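Okay, input.csv now, which holds CSV, C-alpha atoms:
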```
chain,number,residue,atom,x,y,z
A,792,MET,CA,166.4,108.4,111.9
A,793,ASP,CA,166.9,112.1,111.6
A,794,PRO,CA,163.4,113.6,111.3
A,795,ILE,CA,164.7,116.4,109.1
A,796,THR,CA,166.9,114.7,106.6
A,797,GLY,CA,165.3,111.2,106.8
A,798,GLU,CA,168.7,109.6,107.1
A,799,THR,CA,169.2,106.6,109.3
A,800,GLY,CA,172.3,106.3,111.4
A,801,ASN,CA,174.4,103.1,111.4
A,802,GLN,CA,173.2,101.9,114.8
A,803,GLU,CA,169.5,102.4,114.0
A,804,ARG,CA,170.0,100.7,110.6
A,805,ALA,CA,171.7,97.7,112.2
A,806,ILE,CA,168.8,97.4,114.7
A,807,MET,CA,166.2,97.6,112.0
A,808,GLU,CA,167.9,95.0,109.8
A,809,ARG,CA,168.4,92.7,112.7
A,810,GLY,CA,164.9,93.1,114.2
A,811,PHE,CA,163.8,92.6,117.8
A,812,HIS,CA,163.7,89.6,120.0
A,813,ILE,CA,160.8,89.7,122.5
A,814,VAL,CA,160.6,87.0,125.1
A,815,PRO,CA,157.3,86.2,126.9
A,816,VAL,CA,157.6,86.8,130.6
A,817,GLY,CA,154.3,84.9,131.3
A,818,ILE,CA,151.1,83.6,129.9
A,819,THR,CA,147.4,84.2,130.4
A,820,HIS,CA,145.0,81.7,131.9
A,821,ILE,CA,141.3,82.2,131.5
A,822,ASN,CA,139.3,79.7,133.6
A,823,SER,CA,135.7,79.7,134.6
A,824,GLY,CA,135.3,83.5,134.2
A,825,HIS,CA,138.5,84.3,136.0
A,826,THR,CA,141.6,85.7,134.4
A,827,TYR,CA,145.1,85.1,135.7
A,828,ILE,CA,148.6,86.0,134.5
A,829,GLU,CA,151.2,83.4,135.3
A,830,ILE,CA,154.7,84.9,135.4
A,831,PHE,CA,157.3,82.4,134.5
A,832,GLU,CA,159.6,81.4,137.4
A,833,ASP,CA,162.6,83.1,135.7
A,834,TYR,CA,160.8,86.4,136.0
A,835,ALA,CA,158.9,86.0,139.2
A,836,ASP,CA,161.3,88.2,141.2
A,837,ALA,CA,160.2,91.1,138.9
A,838,LEU,CA,156.8,91.1,140.8
A,839,SER,CA,158.5,92.4,143.9
A,840,GLY,CA,156.9,95.7,144.9
A,841,LEU,CA,153.8,95.3,142.7
A,842,GLU,CA,151.5,94.5,145.6
A,843,PRO,CA,150.5,98.2,146.5
A,844,PHE,CA,149.3,98.9,142.9
A,845,SER,CA,145.6,98.5,142.3
A,846,HIS,CA,146.0,98.4,138.5
A,847,ILE,CA,148.6,97.3,136.0
A,848,ILE,CA,149.3,97.8,132.3
A,849,VAL,CA,149.6,94.4,130.6
A,850,LEU,CA,151.2,94.0,127.2
A,851,VAL,CA,150.5,90.7,125.3
A,852,TRP,CA,151.4,89.2,122.0
A,853,PHE,CA,148.3,88.3,120.0
A,854,HIS,CA,149.9,85.1,118.8
A,855,LYS,CA,146.8,83.9,117.0
A,856,SER,CA,146.9,87.0,114.8
A,857,ASP,CA,150.6,86.6,114.0
A,858,THR,CA,150.5,85.6,110.4
A,859,ARG,CA,152.2,87.2,107.4
A,860,GLU,CA,148.8,88.2,105.9
A,861,LYS,CA,147.5,89.8,109.1
A,862,ARG,CA,150.8,91.6,109.7
A,863,GLY,CA,150.5,93.1,106.2
A,864,THR,CA,147.0,94.4,106.9
A,865,LEU,CA,147.3,98.2,107.5
A,866,ARG,CA,143.6,99.3,107.3
A,867,VAL,CA,140.6,97.7,109.0
A,868,HIS,CA,137.0,98.6,109.8
A,869,PRO,CA,137.2,99.6,113.5
A,870,ARG,CA,135.6,97.1,115.9
A,871,ARG,CA,135.0,94.9,112.8
A,872,ASN,CA,132.0,97.1,112.0
A,873,ARG,CA,131.8,97.3,108.2
A,874,THR,CA,129.6,100.5,108.5
A,875,LEU,CA,132.6,102.3,109.8
A,876,PRO,CA,135.2,103.5,107.3
A,877,LEU,CA,138.5,101.7,106.7
A,878,THR,CA,140.9,103.1,109.2
A,879,GLY,CA,144.7,102.7,109.7
A,880,VAL,CA,145.5,100.1,112.3
A,881,PHE,CA,147.5,102.6,114.3
A,882,ALA,CA,144.2,104.4,114.9
A,883,THR,CA,142.5,101.3,116.2
A,884,ARG,CA,143.0,98.6,118.8
A,885,SER,CA,142.7,95.8,116.1
A,886,PRO,CA,144.7,92.7,116.8
A,887,VAL,CA,145.5,92.7,113.1
A,888,ARG,CA,148.6,94.9,112.7
A,889,PRO,CA,152.3,94.8,111.8
A,890,ASN,CA,153.2,93.7,115.4
A,891,PRO,CA,150.3,92.1,117.1
A,892,VAL,CA,150.8,93.7,120.5
A,893,ALA,CA,147.8,94.5,122.7
A,894,LEU,CA,147.7,96.7,125.8
A,895,TYR,CA,145.3,96.5,128.7
A,896,THR,CA,144.9,98.4,131.9
A,897,CYS,CA,143.7,95.8,134.4
A,898,LYS,CA,142.5,95.9,138.0
A,899,VAL,CA,144.7,93.6,140.2
A,900,LEU,CA,142.4,91.3,142.2
A,901,ALA,CA,145.2,89.3,143.9
A,902,ILE,CA,148.9,88.4,143.7
A,903,ARG,CA,150.0,85.0,144.9
A,904,LYS,CA,153.6,84.0,144.3
A,905,ASN,CA,154.0,84.2,140.5
A,906,ILE,CA,150.2,84.5,139.7
A,907,ILE,CA,148.4,87.7,139.3
A,908,GLN,CA,144.6,87.6,139.2
A,909,ILE,CA,143.1,90.4,137.2
A,910,ASP,CA,139.7,91.5,135.9
A,911,GLY,CA,138.9,90.1,132.5
A,912,ILE,CA,140.7,90.9,129.2
A,913,ASP,CA,139.8,89.9,125.7
A,914,ALA,CA,142.8,87.7,125.2
A,915,PHE,CA,142.7,83.9,124.6
A,916,ASP,CA,143.8,81.4,127.2
A,917,GLY,CA,147.5,80.9,126.7
A,918,THR,CA,148.2,84.4,125.2
A,919,PRO,CA,151.9,85.3,125.8
A,920,VAL,CA,152.5,88.2,128.2
A,921,ILE,CA,155.4,90.3,127.1
A,922,ASP,CA,155.5,93.0,129.8
A,923,ILE,CA,153.7,94.4,132.9
A,924,LYS,CA,153.9,97.9,134.1
A,925,PRO,CA,152.3,99.6,137.1
A,926,TYR,CA,149.4,102.0,136.3
A,927,ILE,CA,150.5,105.4,137.7
A,928,PRO,CA,147.7,107.9,137.4
A,929,ALA,CA,149.9,111.0,137.2
A,930,GLU,CA,151.8,109.5,134.3
A,931,ASP,CA,149.1,107.4,132.5
A,932,GLU,CA,146.0,109.5,132.8
A,933,VAL,CA,145.4,112.0,130.0
A,934,ARG,CA,143.0,114.8,130.6
A,935,ASP,CA,141.0,116.3,127.8
A,936,ALA,CA,142.0,113.6,125.3
A,937,ALA,CA,140.4,113.6,121.9
A,938,VAL,CA,139.2,110.4,120.3
A,939,ALA,CA,137.7,109.4,116.9
A,940,GLU,CA,134.0,110.1,116.5
A,941,TRP,CA,133.2,106.4,115.8
A,942,LEU,CA,134.1,105.5,119.4
A,943,ASP,CA,130.7,106.7,120.6
A,944,TRP,CA,132.0,108.0,124.0
```

Could you render the structure as structure tokens?
Amino acid sequence: MDPITGETGNQERAIMERGFHIVPVGITHINSGHTYIEIFEDYADALSGLEPFSHIIVLVWFHKSDTREKRGTLRVHPRRNRTLPLTGVFATRSPVRPNPVALYTCKVLAIRKNIIQIDGIDAFDGTPVIDIKPYIPAEDEVRDAAVAEWLDW
């Protein structure tokens, strides 16, 4: 889309009309206080070279929040706290949103074959993992970032 005219090109229009197809690359396992990401065998080779990284960024699909009603919710009380004002979901980490994607920065505890053990995340056992990226401090850390007052930093 042209930000000045608001017109959408043919290629962008075709993509938007068709939608996107996201395929899970793995699944979470939460067992006895331990959290694991099982990467499906078809994608196991993508783990090559991840061992030196102490942290990863994990993107999951909050499949239990994937309903038409929840996708249509555009404002929520942050942290489900009704004393906080209704806020647009793009300004929150709410699982209720147009595309229920969650993002976590996780410490890698171990990698064994196609299994990554990480510190805990607030996903359900069986949550689909849609991507993993290495945490790179020079690219991912933001100095002097501003946040909403309700975050109580």

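Excluding A:Pro843 itself and same-chain residues fewer than 4 positions from it, the residues having an atom within 12 Å of it are A:Leu838, A:Ser839, A:Ile847, A:Lys898, A:Val899, A:Leu900, A:Ala901, A:Ile902, A:Pro925, A:Tyr926, A:Ile927, counting only C-alpha atoms.
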
Residues from the last selection, C-alpha atoms, saved as an mmCIF file, in the coordinates of the input:
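Dumped everything to result.cif:
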```cif
data_model
loop_
_atom_site.group_PDB
_atom_site.id
_atom_site.type_symbol
_atom_site.label_atom_id
_atom_site.label_comp_id
_atom_site.auth_asym_id
_atom_site.auth_seq_id
_atom_site.Cartn_x
_atom_site.Cartn_y
_atom_site.Cartn_z
ATOM 1 C CA LEU A 838 156.800 91.100 140.800
ATOM 2 C CA SER A 839 158.500 92.400 143.900
ATOM 3 C CA ILE A 847 148.600 97.300 136.000
ATOM 4 C CA LYS A 898 142.500 95.900 138.000
ATOM 5 C CA VAL A 899 144.700 93.600 140.200
ATOM 6 C CA LEU A 900 142.400 91.300 142.200
ATOM 7 C CA ALA A 901 145.200 89.300 143.900
ATOM 8 C CA ILE A 902 148.900 88.400 143.700
ATOM 9 C CA PRO A 925 152.300 99.600 137.100
ATOM 10 C CA TYR A 926 149.400 102.000 136.300
ATOM 11 C CA ILE A 927 150.500 105.400 137.700
#
```

Sel. within 10 Å of pt (150.1, 93.0, 112.1), counting only C-alpha atoms, output as an mmCIF file with C-alpha atoms, keeping the file's coordinate frame:
```
data_model
loop_
_atom_site.group_PDB
_atom_site.id
_atom_site.type_symbol
_atom_site.label_atom_id
_atom_site.label_comp_id
_atom_site.auth_asym_id
_atom_site.auth_seq_id
_atom_site.Cartn_x
_atom_site.Cartn_y
_atom_site.Cartn_z
ATOM 1 C CA PHE A 853 148.300 88.300 120.000
ATOM 2 C CA SER A 856 146.900 87.000 114.800
ATOM 3 C CA ASP A 857 150.600 86.600 114.000
ATOM 4 C CA THR A 858 150.500 85.600 110.400
ATOM 5 C CA ARG A 859 152.200 87.200 107.400
ATOM 6 C CA GLU A 860 148.800 88.200 105.900
ATOM 7 C CA LYS A 861 147.500 89.800 109.100
ATOM 8 C CA ARG A 862 150.800 91.600 109.700
ATOM 9 C CA GLY A 863 150.500 93.100 106.200
ATOM 10 C CA THR A 864 147.000 94.400 106.900
ATOM 11 C CA LEU A 865 147.300 98.200 107.500
ATOM 12 C CA VAL A 880 145.500 100.100 112.300
ATOM 13 C CA SER A 885 142.700 95.800 116.100
ATOM 14 C CA PRO A 886 144.700 92.700 116.800
ATOM 15 C CA VAL A 887 145.500 92.700 113.100
ATOM 16 C CA ARG A 888 148.600 94.900 112.700
ATOM 17 C CA PRO A 889 152.300 94.800 111.800
ATOM 18 C CA ASN A 890 153.200 93.700 115.400
ATOM 19 C CA PRO A 891 150.300 92.100 117.100
ATOM 20 C CA VAL A 892 150.800 93.700 120.500
#
```

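Atom pair atom CA of A:Ile821 / atom CA of A:Thr918 has a distance of 9.6 Å (rounded to one decimal).
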
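Distance-wise, atom CA of A:Gln908 and atom CA of A:Glu829 end up 8.7 Å apart.
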
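Nearest to A:Asn905 of all the residues A:Asp922, A:Ser823, A:His812, A:Tyr834 is A:Tyr834, counting all atoms listed in the file.
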
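Distance-wise, atom CA of A:Gly824 and atom CA of A:Asp910 end up 9.3 Å apart.
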
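Taking all atoms listed in the file, the non-local environment of A:Arg866 within 8 Å (same-chain residues fewer than 3 positions away omitted) comprises Leu877, Thr878, Gly879 and Val880 of chain A.
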
With C-alpha atoms retained, export the selected residues as an mmCIF file, in the frame of the given file.
```
data_model
loop_
_atom_site.group_PDB
_atom_site.id
_atom_site.type_symbol
_atom_site.label_atom_id
_atom_site.label_comp_id
_atom_site.auth_asym_id
_atom_site.auth_seq_id
_atom_site.Cartn_x
_atom_site.Cartn_y
_atom_site.Cartn_z
ATOM 1 C CA LEU A 877 138.500 101.700 106.700
ATOM 2 C CA THR A 878 140.900 103.100 109.200
ATOM 3 C CA GLY A 879 144.700 102.700 109.700
ATOM 4 C CA VAL A 880 145.500 100.100 112.300
#
```

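For the choices A:Ile848, A:Met807, A:Ile818, A:Ile813, the atom-to-atom distance to A:Lys924 is smallest for A:Ile848 when using all atoms listed in the file.
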
Using only C-alpha atoms, the residue out of A:Gln802, A:Gly911, A:Asp916, A:Ala936 with shortest distance to A:His825 is A:Gly911
